[in-house]
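Student: See protein-v6.csv below, with CSV, C-alpha atoms and all ligand atoms.
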chain,number,residue,atom,x,y,z
A,1,MET,CA,9.7,103.4,59.5
A,2,ARG,CA,8.9,100.9,62.3
A,3,ASP,CA,5.9,99.6,60.4
A,4,LEU,CA,8.1,99.1,57.3
A,5,ARG,CA,10.6,97.1,59.4
A,6,LYS,CA,7.8,95.0,60.9
A,7,PHE,CA,6.5,94.4,57.4
A,8,LEU,CA,9.9,93.4,56.1
A,9,LEU,CA,10.4,91.0,59.0
A,10,PHE,CA,7.0,89.5,58.3
A,11,VAL,CA,8.0,89.0,54.7
A,12,ALA,CA,11.3,87.4,55.7
A,13,ALA,CA,9.6,85.1,58.1
A,14,ALA,CA,7.0,84.1,55.5
A,15,CYS,CA,9.8,83.4,53.0
A,16,ALA,CA,11.7,81.3,55.5
A,17,LEU,CA,8.6,79.2,56.2
A,18,SER,CA,8.0,78.8,52.5
A,19,VAL,CA,11.5,77.5,52.0
A,20,ALA,CA,11.4,75.2,55.0
A,21,GLY,CA,8.1,73.8,53.7
A,22,ALA,CA,9.3,73.6,50.1
A,23,CYS,CA,6.2,75.4,49.1
A,24,VAL,CA,5.6,76.5,45.6
A,25,SER,CA,5.9,80.2,45.4
A,26,ALA,CA,4.7,82.5,42.6
A,27,PRO,CA,6.5,81.5,39.4
A,28,GLU,CA,9.7,83.3,38.7
A,29,GLN,CA,9.6,84.0,35.0
A,30,GLY,CA,12.6,83.0,33.1
A,31,ALA,CA,14.4,81.4,36.0
A,32,GLY,CA,13.9,77.9,34.8
A,33,GLY,CA,16.7,75.4,35.6
A,34,GLY,CA,17.4,72.7,33.2
A,35,GLY,CA,16.1,74.6,30.3
A,36,GLY,CA,13.3,72.2,29.3
A,37,ALA,CA,9.8,72.4,30.8
A,38,GLY,CA,8.2,75.0,32.8
A,39,THR,CA,6.0,73.8,35.6
A,40,GLY,CA,2.3,73.2,35.6
A,41,GLY,CA,2.2,73.4,39.4
A,42,ALA,CA,4.2,76.6,39.9
A,43,SER,CA,1.2,78.8,40.0
A,44,LYS,CA,-0.5,77.1,42.9
A,45,VAL,CA,0.4,77.2,46.5
A,46,GLY,CA,1.2,74.2,48.6
A,47,PRO,CA,3.9,71.6,48.9
A,48,VAL,CA,5.7,70.4,45.8
A,49,ARG,CA,4.4,67.1,44.6
A,50,ILE,CA,7.2,64.8,43.3
A,51,GLY,CA,6.6,61.6,41.4
A,52,PHE,CA,9.5,59.1,41.7
A,53,SER,CA,9.3,56.4,39.1
A,54,MET,CA,11.7,53.5,39.7
A,55,ASP,CA,12.6,50.6,37.4
A,56,THR,CA,13.3,48.1,40.2
A,57,LEU,CA,14.0,47.4,43.8
A,58,LYS,CA,15.9,44.2,43.0
A,59,GLU,CA,19.4,45.3,43.9
A,60,GLU,CA,19.8,46.5,47.5
A,61,ARG,CA,21.0,49.9,46.3
A,62,TRP,CA,17.6,50.8,44.9
A,63,GLN,CA,16.0,50.1,48.2
A,64,ARG,CA,18.4,52.5,49.7
A,65,ASP,CA,17.6,55.1,47.0
A,66,LYS,CA,13.9,54.8,47.7
A,67,LEU,CA,14.5,55.2,51.4
A,68,LEU,CA,16.8,58.2,51.1
A,69,VAL,CA,14.6,60.0,48.5
A,70,GLU,CA,11.6,59.5,50.9
A,71,GLN,CA,13.6,60.8,53.8
A,72,ARG,CA,14.8,63.9,51.9
A,73,ALA,CA,11.3,64.7,50.6
A,74,LYS,CA,9.9,64.4,54.1
A,75,GLU,CA,12.7,66.6,55.5
A,76,ILE,CA,11.9,69.4,53.2
A,77,GLY,CA,8.1,69.0,53.2
A,78,ALA,CA,7.5,67.8,49.7
A,79,VAL,CA,4.8,65.3,48.9
A,80,LEU,CA,6.3,62.2,47.3
A,81,ASP,CA,4.6,59.4,45.2
A,82,VAL,CA,6.9,56.4,44.5
A,83,GLN,CA,6.1,53.9,41.8
A,84,VAL,CA,8.2,50.8,41.0
A,85,ALA,CA,7.8,49.2,37.5
A,86,ASN,CA,9.6,45.9,38.2
A,87,GLY,CA,11.5,46.0,35.0
A,88,ASP,CA,8.4,46.5,32.7
A,89,ASP,CA,8.6,49.4,30.3
A,90,SER,CA,4.8,49.7,29.7
A,91,VAL,CA,4.2,49.6,33.5
A,92,GLN,CA,6.7,52.4,34.0
A,93,THR,CA,5.1,54.5,31.3
A,94,LYS,CA,1.6,53.9,32.7
A,95,GLN,CA,2.7,54.7,36.2
A,96,CYS,CA,4.3,58.0,35.0
A,97,ASP,CA,1.1,58.8,33.1
A,98,ASN,CA,-0.9,58.2,36.2
A,99,MET,CA,1.3,60.4,38.3
A,100,LEU,CA,1.0,63.2,35.7
A,101,THR,CA,-2.8,62.8,35.7
A,102,LYS,CA,-2.8,63.0,39.5
A,103,GLY,CA,-0.9,66.3,39.0
A,104,VAL,CA,2.7,65.9,40.2
A,105,ASP,CA,4.8,69.1,39.8
A,106,VAL,CA,8.0,67.3,38.8
A,107,LEU,CA,9.0,63.7,37.9
A,108,ILE,CA,12.2,61.9,38.9
A,109,VAL,CA,12.7,58.8,36.7
A,110,ALA,CA,15.1,56.0,37.0
A,111,PRO,CA,14.3,54.4,33.7
A,112,HIS,CA,14.2,50.7,32.9
A,113,ASN,CA,15.0,51.4,29.3
A,114,GLY,CA,16.7,54.7,28.5
A,115,GLU,CA,15.3,54.9,25.0
A,116,ILE,CA,11.7,54.0,25.7
A,117,ALA,CA,11.6,56.5,28.7
A,118,ALA,CA,12.0,59.4,26.2
A,119,SER,CA,8.2,59.1,25.8
A,120,ILE,CA,7.8,59.8,29.5
A,121,VAL,CA,9.7,63.1,29.1
A,122,GLU,CA,7.5,64.0,26.2
A,123,ALA,CA,4.3,63.3,28.0
A,124,ALA,CA,5.5,65.2,31.1
A,125,HIS,CA,6.6,68.2,29.1
A,126,LYS,CA,3.2,68.4,27.4
A,127,GLN,CA,1.9,69.2,30.8
A,128,ASN,CA,4.8,71.5,31.6
A,129,VAL,CA,6.2,69.1,34.2
A,130,PRO,CA,10.0,68.9,34.3
A,131,VAL,CA,11.8,65.5,34.5
A,132,ILE,CA,15.0,64.5,36.2
A,133,SER,CA,16.8,61.4,34.9
A,134,TYR,CA,17.9,59.5,38.0
A,135,ASP,CA,21.1,57.4,38.0
A,136,ARG,CA,20.4,56.2,34.4
A,137,LEU,CA,20.3,58.5,31.4
A,138,ILE,CA,17.1,59.0,29.5
A,139,LYS,CA,18.2,59.1,25.9
A,140,ASN,CA,17.1,61.2,22.9
A,141,SER,CA,14.9,63.5,24.9
A,142,ASP,CA,14.8,67.0,26.3
A,143,VAL,CA,15.1,65.7,29.9
A,144,ASP,CA,15.8,68.6,32.2
A,145,LEU,CA,18.5,67.3,34.5
A,146,TYR,CA,20.5,64.1,34.9
A,147,VAL,CA,21.7,63.2,38.4
A,148,SER,CA,24.1,60.2,38.7
A,149,HIS,CA,27.6,59.1,39.4
A,150,GLN,CA,30.6,59.3,37.1
A,151,VAL,CA,29.7,56.0,35.3
A,152,GLU,CA,32.4,55.9,32.6
A,153,LYS,CA,34.9,56.7,35.3
A,154,MET,CA,33.6,53.7,37.3
A,155,GLY,CA,34.3,51.5,34.3
A,156,GLU,CA,37.8,52.9,34.1
A,157,MET,CA,38.3,52.2,37.8
A,158,GLN,CA,37.2,48.6,37.4
A,159,GLY,CA,39.5,48.2,34.4
A,160,LYS,CA,42.5,49.8,36.0
A,161,TYR,CA,42.0,47.9,39.2
A,162,ALA,CA,42.1,44.6,37.3
A,163,LEU,CA,44.9,45.6,34.9
A,164,ASP,CA,47.2,46.8,37.7
A,165,ARG,CA,46.9,43.5,39.4
A,166,VAL,CA,46.5,41.2,36.4
A,167,PRO,CA,48.6,42.8,33.7
A,168,LYS,CA,48.5,39.7,31.6
A,169,GLY,CA,45.9,36.9,31.3
A,170,ASN,CA,42.5,35.7,30.2
A,171,TYR,CA,39.7,38.1,31.0
A,172,ILE,CA,35.9,37.7,31.1
A,173,LEU,CA,33.9,41.0,30.7
A,174,ILE,CA,30.4,40.9,32.0
A,175,GLY,CA,28.3,44.0,31.2
A,176,GLY,CA,24.9,44.9,32.6
A,177,ALA,CA,21.5,45.3,30.8
A,178,PRO,CA,22.1,46.5,27.3
A,179,THR,CA,18.9,48.6,27.7
A,180,ASP,CA,20.6,50.6,30.5
A,181,ASN,CA,22.9,53.4,29.3
A,182,ASN,CA,25.0,52.8,32.4
A,183,ALA,CA,25.9,49.3,31.2
A,184,LEU,CA,27.3,50.8,27.9
A,185,LEU,CA,29.2,53.6,29.7
A,186,LEU,CA,30.8,51.1,32.1
A,187,ARG,CA,31.9,49.0,29.2
A,188,LYS,CA,33.3,52.1,27.5
A,189,GLY,CA,35.3,53.0,30.6
A,190,GLN,CA,36.5,49.5,31.0
A,191,MET,CA,37.8,49.4,27.4
A,192,ASN,CA,39.4,52.8,27.7
A,193,ILE,CA,41.8,51.1,30.1
A,194,LEU,CA,41.9,47.5,28.8
A,195,LYS,CA,42.1,48.1,25.0
A,196,PRO,CA,45.8,48.9,24.9
A,197,ALA,CA,46.6,45.7,26.8
A,198,VAL,CA,44.3,43.8,24.5
A,199,ASP,CA,46.0,45.3,21.5
A,200,ARG,CA,49.4,44.3,22.9
A,201,ARG,CA,47.9,40.8,23.4
A,202,ASP,CA,48.7,41.0,27.1
A,203,VAL,CA,45.0,40.6,27.9
A,204,LYS,CA,42.9,38.1,26.0
A,205,VAL,CA,39.2,38.7,26.2
A,206,ILE,CA,37.7,35.2,26.4
A,207,SER,CA,34.1,36.5,26.7
A,208,ASP,CA,32.6,39.9,26.2
A,209,GLN,CA,28.9,39.9,26.9
A,210,PHE,CA,26.1,41.8,28.5
A,211,ALA,CA,23.9,40.2,31.2
A,212,LYS,CA,20.2,40.8,30.3
A,213,GLU,CA,18.5,42.8,33.1
A,214,TRP,CA,21.7,42.7,35.1
A,215,LYS,CA,20.8,39.2,36.0
A,216,ALA,CA,23.2,37.2,38.2
A,217,ASP,CA,22.3,33.9,36.5
A,218,GLU,CA,23.2,35.4,33.1
A,219,ALA,CA,26.6,36.2,34.6
A,220,LEU,CA,26.9,32.7,36.0
A,221,ARG,CA,26.1,31.2,32.6
A,222,ILE,CA,28.7,33.5,30.8
A,223,THR,CA,31.4,32.6,33.4
A,224,GLU,CA,30.7,28.9,33.2
A,225,ASP,CA,30.9,29.0,29.5
A,226,ALA,CA,34.2,30.8,29.5
A,227,LEU,CA,35.6,28.4,32.1
A,228,THR,CA,34.6,25.4,30.0
A,229,ARG,CA,36.1,26.9,26.9
A,230,THR,CA,39.5,27.6,28.5
A,231,GLY,CA,39.7,24.6,30.9
A,232,ASN,CA,39.3,27.0,33.8
A,233,ASP,CA,42.1,29.2,32.6
A,234,ILE,CA,40.7,32.6,33.6
A,235,GLN,CA,42.6,35.3,35.6
A,236,ALA,CA,40.1,38.1,35.8
A,237,VAL,CA,36.4,38.8,35.6
A,238,VAL,CA,35.4,42.4,35.1
A,239,ALA,CA,31.8,42.2,36.3
A,240,SER,CA,29.9,45.5,36.0
A,241,ASN,CA,28.0,45.3,39.3
A,242,ASP,CA,27.9,43.3,42.4
A,243,GLY,CA,24.9,41.2,41.3
A,244,THR,CA,26.7,40.0,38.2
A,245,ALA,CA,29.9,39.6,40.3
A,246,GLY,CA,27.9,37.3,42.6
A,247,GLY,CA,26.8,35.2,39.6
A,248,ALA,CA,30.4,34.9,38.3
A,249,ILE,CA,31.7,34.0,41.7
A,250,SER,CA,29.1,31.1,42.0
A,251,ALA,CA,30.6,29.7,38.7
A,252,LEU,CA,34.2,30.2,39.8
A,253,GLU,CA,33.4,28.5,43.2
A,254,ALA,CA,31.8,25.5,41.4
A,255,ALA,CA,34.9,25.2,39.3
A,256,LYS,CA,37.0,25.6,42.5
A,257,VAL,CA,39.1,28.5,41.1
A,258,ASN,CA,37.6,31.3,43.2
A,259,GLY,CA,40.2,33.3,45.1
A,260,LYS,CA,42.6,32.8,42.3
A,261,VAL,CA,40.6,35.0,39.9
A,262,LEU,CA,40.2,38.7,40.4
A,263,VAL,CA,36.6,39.8,40.4
A,264,THR,CA,35.3,43.4,40.2
A,265,GLY,CA,31.9,44.7,41.1
A,266,GLN,CA,29.9,47.9,41.7
A,267,ASP,CA,27.4,49.1,44.4
A,268,ALA,CA,29.0,48.0,47.6
A,269,GLN,CA,26.0,46.0,48.4
A,270,LEU,CA,26.1,44.0,51.6
A,271,ASP,CA,26.6,40.5,50.2
A,272,ALA,CA,29.5,41.8,48.0
A,273,VAL,CA,31.3,43.6,50.8
A,274,GLN,CA,30.9,40.5,52.9
A,275,ARG,CA,32.5,38.5,50.1
A,276,ILE,CA,35.3,41.1,49.9
A,277,ALA,CA,35.9,40.7,53.7
A,278,GLU,CA,36.0,37.0,53.2
A,279,GLY,CA,38.3,37.2,50.2
A,280,ARG,CA,35.7,35.8,47.7
A,281,GLN,CA,35.3,39.0,45.7
A,282,THR,CA,38.2,41.4,45.0
A,283,MET,CA,36.7,44.8,44.7
A,284,THR,CA,33.6,46.9,44.3
A,285,ILE,CA,32.8,50.5,43.4
A,286,TYR,CA,31.3,52.4,46.3
A,287,LYS,CA,28.8,55.0,45.3
A,288,PRO,CA,27.3,56.9,48.2
A,289,ILE,CA,23.6,57.2,47.5
A,290,LYS,CA,22.7,60.0,49.9
A,291,PRO,CA,24.2,62.8,47.8
A,292,LEU,CA,22.4,61.4,44.8
A,293,ALA,CA,19.0,61.2,46.5
A,294,ASP,CA,19.4,64.6,48.1
A,295,SER,CA,20.4,66.3,44.9
A,296,ALA,CA,17.5,64.7,43.0
A,297,VAL,CA,14.9,65.9,45.5
A,298,ASP,CA,16.5,69.3,46.1
A,299,ASN,CA,16.7,70.0,42.4
A,300,ALA,CA,13.2,68.6,41.8
A,301,ILE,CA,11.9,71.3,44.1
A,302,LYS,CA,13.9,73.9,42.3
A,303,LEU,CA,12.7,72.8,38.9
A,304,ALA,CA,9.1,72.7,40.1
A,305,ARG,CA,9.6,76.3,41.4
A,306,LYS,CA,11.4,77.4,38.2
A,307,GLU,CA,14.4,78.3,40.2
A,308,PRO,CA,17.9,78.1,38.7
A,309,ILE,CA,19.8,74.9,39.3
A,310,THR,CA,23.6,74.4,39.4
A,311,ALA,CA,24.6,71.5,37.2
A,312,PRO,CA,28.3,71.6,36.5
A,313,ASP,CA,28.4,68.7,34.0
A,314,ARG,CA,26.9,68.0,30.6
A,315,VAL,CA,26.1,64.6,29.2
A,316,ASN,CA,24.9,64.1,25.6
A,317,ASN,CA,21.9,61.9,25.4
A,318,GLY,CA,21.7,61.8,21.6
A,319,LYS,CA,19.5,64.8,21.4
A,320,ILE,CA,20.9,67.4,23.8
A,321,ASP,CA,23.7,68.0,26.2
A,322,VAL,CA,21.8,67.3,29.4
A,323,PRO,CA,22.7,69.5,32.4
A,324,SER,CA,24.1,66.9,34.9
A,325,ILE,CA,25.3,66.5,38.4
A,326,LEU,CA,27.6,63.5,38.7
A,327,GLN,CA,28.9,62.2,42.1
A,328,GLU,CA,32.3,60.7,42.7
A,329,PRO,CA,32.6,56.9,43.0
A,330,GLN,CA,35.4,55.2,44.9
A,331,ALA,CA,37.1,51.8,44.5
A,332,VAL,CA,36.9,49.6,47.5
A,333,ASP,CA,38.7,46.4,48.4
A,334,LYS,CA,39.7,44.6,51.6
A,335,ASP,CA,42.4,47.2,52.3
A,336,ASN,CA,40.0,50.2,52.5
A,337,LEU,CA,36.7,48.7,53.6
A,338,MET,CA,37.2,50.2,57.1
A,339,SER,CA,38.1,53.7,55.9
A,340,THR,CA,35.2,53.9,53.4
A,341,ILE,CA,32.1,51.9,53.8
A,342,ILE,CA,32.4,51.2,57.5
A,343,LYS,CA,33.6,54.7,58.4
A,344,ASP,CA,30.7,56.3,56.5
A,345,GLY,CA,28.2,54.0,58.2
A,346,TYR,CA,27.1,52.6,54.8
A,347,HIS,CA,27.2,49.2,56.3
A,348,PRO,CA,28.0,48.4,60.0
A,349,MET,CA,31.2,46.6,60.7
A,350,GLU,CA,29.4,43.8,62.5
A,351,LYS,CA,27.5,43.0,59.2
A,352,VAL,CA,30.5,43.4,56.9
A,353,TYR,CA,32.7,41.0,58.9
A,354,GLU,CA,29.8,38.8,60.0
A,355,LYS,CA,31.2,35.8,58.1
A,356,VAL,CA,34.8,36.3,59.1
A,357,PRO,CA,36.1,34.8,62.3
A,358,ARG,CA,36.4,37.6,64.9
A,359,GLU,CA,40.1,37.1,65.5
A,360,GLN,CA,40.6,38.0,61.8
A,361,TRP,CA,38.8,41.3,61.9
A,362,PRO,CA,40.9,44.4,61.3
A,363,LYS,CA,42.4,45.1,64.7
A,364,ALA,CA,42.9,48.5,66.5
A,365,THR,CA,41.2,50.6,63.8
A,366,ALA,CA,38.4,48.2,63.8
A,367,SER,CA,37.2,48.7,67.3
A,368,ARG,CA,37.8,52.5,67.0
A,369,ALA,CA,35.7,52.6,63.8
A,370,ALA,CA,33.0,50.4,65.3
A,371,SER,CA,32.7,52.7,68.4
A,372,ARG,CA,32.8,55.8,66.2
A,373,ALA,CA,30.1,54.4,63.9
A,374,SER,CA,27.8,53.6,66.8
A,375,ALA,CA,28.5,56.9,68.5
A,376,ARG,CA,27.4,59.2,65.7
A,377,PRO,CA,24.4,59.4,63.5
A,378,ARG,CA,24.7,57.6,60.2
A,379,PRO,CA,25.0,59.8,57.2
A,380,GLN,CA,23.8,56.9,55.0
A,381,ALA,CA,20.8,54.7,55.8
A,382,SER,CA,22.2,51.3,56.5
A,383,PRO,CA,20.6,48.2,55.1
A,384,SER,CA,19.7,47.1,58.6
A,385,SER,CA,16.9,49.7,58.1
A,386,PHE,CA,15.7,47.9,55.1
A,387,ARG,CA,12.9,45.5,55.7
A,388,ASN,CA,14.1,43.1,53.0
A,389,SER,CA,17.7,43.8,52.1
A,390,ARG,CA,17.7,41.1,49.5
A,391,SER,CA,14.7,41.0,47.3
A,392,SER,CA,13.6,37.6,46.1
A,393,LYS,CA,12.6,38.9,42.7
A,394,THR,CA,15.0,38.4,39.8
A,401,LIG,C1,23.0,51.1,38.4
A,401,LIG,C2,23.7,50.1,39.3
A,401,LIG,C3,22.8,48.8,39.4
A,401,LIG,C4,22.4,48.4,38.1
A,401,LIG,C5,21.3,47.2,38.2
A,401,LIG,C6,22.7,50.5,37.1
A,401,LIG,O1,22.0,51.4,36.3
A,401,LIG,O2,23.8,52.2,38.2
A,401,LIG,O3,24.0,50.6,40.5
A,401,LIG,O4,23.6,47.8,40.0
A,401,LIG,O5,21.8,49.4,37.3
A,401,LIG,O6,20.2,47.7,38.8
Go ahead and render the structure in this file as structure tokens.
Tutor:
Amino acid sequence: MRDLRKFLLFVAAACALSVAGACVSAPEQGAGGGGGAGTGGASKVGPVRIGFSMDTLKEERWQRDKLLVEQRAKEIGAVLDVQVANGDDSVQTKQCDNMLTKGVDVLIVAPHNGEIAASIVEAAHKQNVPVISYDRLIKNSDVDLYVSHQVEKMGEMQGKYALDRVPKGNYILIGGAPTDNNALLLRKGQMNILKPAVDRRDVKVISDQFAKEWKADEALRITEDALTRTGNDIQAVVASNDGTAGGAISALEAAKVNGKVLVTGQDAQLDAVQRIAEGRQTMTIYKPIKPLADSAVDNAIKLARKEPITAPDRVNNGKIDVPSILQEPQAVDKDNLMSTIIKDGYHPMEKVYEKVPREQWPKATASRAASRASARPRPQASPSSFRNSRSSKT
């Protein structure tokens, strides 16, 4: 009896160690998570090897994603290989092929082009390696899991924010890269809200374009063009992310109409929240990255180990309803900067208000929040931990 208890204790301890080290245990038949691939690596012992294929590090948020995925993988003892394709589809495909050849157990892919990346899923599945679609949906494929934020809802939030404050007027709509499913979902969400106002002719859409590769200079060109065509008669710019908002704001400032024109954004990147604090950008959508990064890594481990995953949402990718985990976004403007981004430690207050004279900083709550933020560990890596928070690449 005592021997049996000892044995059970030993087994329990061994299991705990294996969980802590995210080791691959013997395959559990039929317990597969997303329903797609099994795993080539599940039969061998050792840490799970994750390949993380990223499109870009251009926007600050992607640097945060990389850092937080690295942190989570380290925390749970997985081996991580990160490759960045810098916006090149053939490079992304090759990098994934290489990671598969090296024997990763699972791939996390933030695709540059959601259609082209379907071939990555196919190649991975041939080797029984499951694939997680990260932030952007991989279309027309049997991808195993999609982790992201509620993107269509973000578009609705941008549209609603604008329409509540500018119920009538001339609008510019600036979408993101047309190769990115997120850009299309955002536009869909924006139009869910704006279309009735457009139909009533309360809102006139002066320009409705997509900025190639989410480029700020594309957004600048689109805005300049609309300003010229209307003699600067623009009341709102629904920009799909902070990068494109920045481009639009440069054009508005050159035409000396900034501050009078509502500008939306997305990402809560540092330069954008600084503009919000200064009154140069109206709002952004704040998407905490840590829950996204953690769920990608944690579920990568589960998929590699053929353990069940909990994915409450389904998103159709043209081929299947992909099991999905979608995080909540939040609209942020100057009124709730303190209670969101700063409170969460996403950016430190000193940085957010850096360009605002100190006497104009939010008062009592500000100093409380600043001391709270410095007193406790930050749940989100802040950009001060990035070596280059603004990449020079475009
Ligand atoms: C992401 C945004 C990002 C954009 C440009 C989108 O897919 O969801 O956060 O700003 O790509 O990289």
Student: Enumerate as a PDB file with C-alpha atoms, keeping the file's coordinate frame the residues within 9 Å of ligand LIG 401 (chain A), counting all atoms listed in the file.
Tutor:
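To be explicit, this is the file written out as selection-v2.pdb:
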ATOM      1  CA  ASP A  55      12.600  50.600  37.400  1.00  0.00           C
ATOM      2  CA  THR A  56      13.300  48.100  40.200  1.00  0.00           C
ATOM      3  CA  LEU A  57      14.000  47.400  43.800  1.00  0.00           C
ATOM      4  CA  LYS A  58      15.900  44.200  43.000  1.00  0.00           C
ATOM      5  CA  GLU A  59      19.400  45.300  43.900  1.00  0.00           C
ATOM      6  CA  GLU A  60      19.800  46.500  47.500  1.00  0.00           C
ATOM      7  CA  ARG A  61      21.000  49.900  46.300  1.00  0.00           C
ATOM      8  CA  TRP A  62      17.600  50.800  44.900  1.00  0.00           C
ATOM      9  CA  ALA A 110      15.100  56.000  37.000  1.00  0.00           C
ATOM     10  CA  PRO A 111      14.300  54.400  33.700  1.00  0.00           C
ATOM     11  CA  HIS A 112      14.200  50.700  32.900  1.00  0.00           C
ATOM     12  CA  ASP A 135      21.100  57.400  38.000  1.00  0.00           C
ATOM     13  CA  ARG A 136      20.400  56.200  34.400  1.00  0.00           C
ATOM     14  CA  LEU A 137      20.300  58.500  31.400  1.00  0.00           C
ATOM     15  CA  SER A 148      24.100  60.200  38.700  1.00  0.00           C
ATOM     16  CA  HIS A 149      27.600  59.100  39.400  1.00  0.00           C
ATOM     17  CA  VAL A 151      29.700  56.000  35.300  1.00  0.00           C
ATOM     18  CA  GLY A 176      24.900  44.900  32.600  1.00  0.00           C
ATOM     19  CA  ALA A 177      21.500  45.300  30.800  1.00  0.00           C
ATOM     20  CA  ASP A 180      20.600  50.600  30.500  1.00  0.00           C
ATOM     21  CA  ASN A 181      22.900  53.400  29.300  1.00  0.00           C
ATOM     22  CA  ASN A 182      25.000  52.800  32.400  1.00  0.00           C
ATOM     23  CA  ALA A 183      25.900  49.300  31.200  1.00  0.00           C
ATOM     24  CA  GLU A 213      18.500  42.800  33.100  1.00  0.00           C
ATOM     25  CA  TRP A 214      21.700  42.700  35.100  1.00  0.00           C
ATOM     26  CA  LYS A 215      20.800  39.200  36.000  1.00  0.00           C
ATOM     27  CA  SER A 240      29.900  45.500  36.000  1.00  0.00           C
ATOM     28  CA  ASN A 241      28.000  45.300  39.300  1.00  0.00           C
ATOM     29  CA  ASP A 242      27.900  43.300  42.400  1.00  0.00           C
ATOM     30  CA  GLY A 243      24.900  41.200  41.300  1.00  0.00           C
ATOM     31  CA  THR A 244      26.700  40.000  38.200  1.00  0.00           C
ATOM     32  CA  GLY A 265      31.900  44.700  41.100  1.00  0.00           C
ATOM     33  CA  GLN A 266      29.900  47.900  41.700  1.00  0.00           C
ATOM     34  CA  ASP A 267      27.400  49.100  44.400  1.00  0.00           C
ATOM     35  CA  GLN A 269      26.000  46.000  48.400  1.00  0.00           C
ATOM     36  CA  LYS A 287      28.800  55.000  45.300  1.00  0.00           C
TER      37      LYS A 287
END
Student: Quote the spacing between CA of Cys96 (chain A) and CA of Leu185 (chain A) in Å to one decimal place.
Tutor: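 Interatomic distance, CA of Cys96 (chain A) to CA of Leu185 (chain A): 25.8 Å.
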Student: Between CA of Asp344 (chain A) and CA of Pro288 (chain A), what distance in Å does the model show, to one decimal?
Tutor: 9.0 Å
Student: Nearest residue to Lys195 (chain A) out of A:Asp313, A:Asp321, A:Glu156, A:Asp333, using only C-alpha atoms?
Tutor: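 Going through A:Asp313, A:Asp321, A:Glu156, A:Asp333 one by one, the smallest distance to Lys195 (chain A) is for A:Glu156.
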Student: CA of Ser53 (chain A) to CA of Thr93 (chain A): how many Å, to one decimal?
Tutor: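 These atoms are spaced 9.1 Å apart.
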Student: Within 12 Å of Asp217 (chain A), counting all atoms listed in the file, which residues qualify if same-chain residues fewer than 4 places away don't, as a list in words?
Tutor: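 In the requested format, the answer is Ile174, Gly176, Phe210, Ala211, Lys212, Glu213, Arg221, Ile222, Thr223, Glu224, Gly243, Thr244, Ala245, Gly246, Gly247, Ala248, Ile249, Ser250, Ala251 and Thr394 of chain A.
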Student: With distances taken over all atoms listed in the file, which residue among A:Leu163, A:Leu173, A:Ala304, A:Met154 lies nearest Val48 (chain A)?
Tutor: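 Of all the options, A:Ala304 lies closest to Val48 (chain A).
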Student: With all atoms listed in the file as the basis for distance, which of A:Glu75, A:Glu152, A:Glu115, A:Glu307 is at the shortest distance from Ile138 (chain A)?
Tutor: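 The answer is A:Glu115, which sits nearest to Ile138 (chain A).
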Student: Residues at most 8 Å from Ala311 (chain A), counting only C-alpha atoms, excluding those fewer than 6 positions away in the same chain, as JSON, numbers by chain?
Tutor: {"A": [145, 323, 324, 325]}
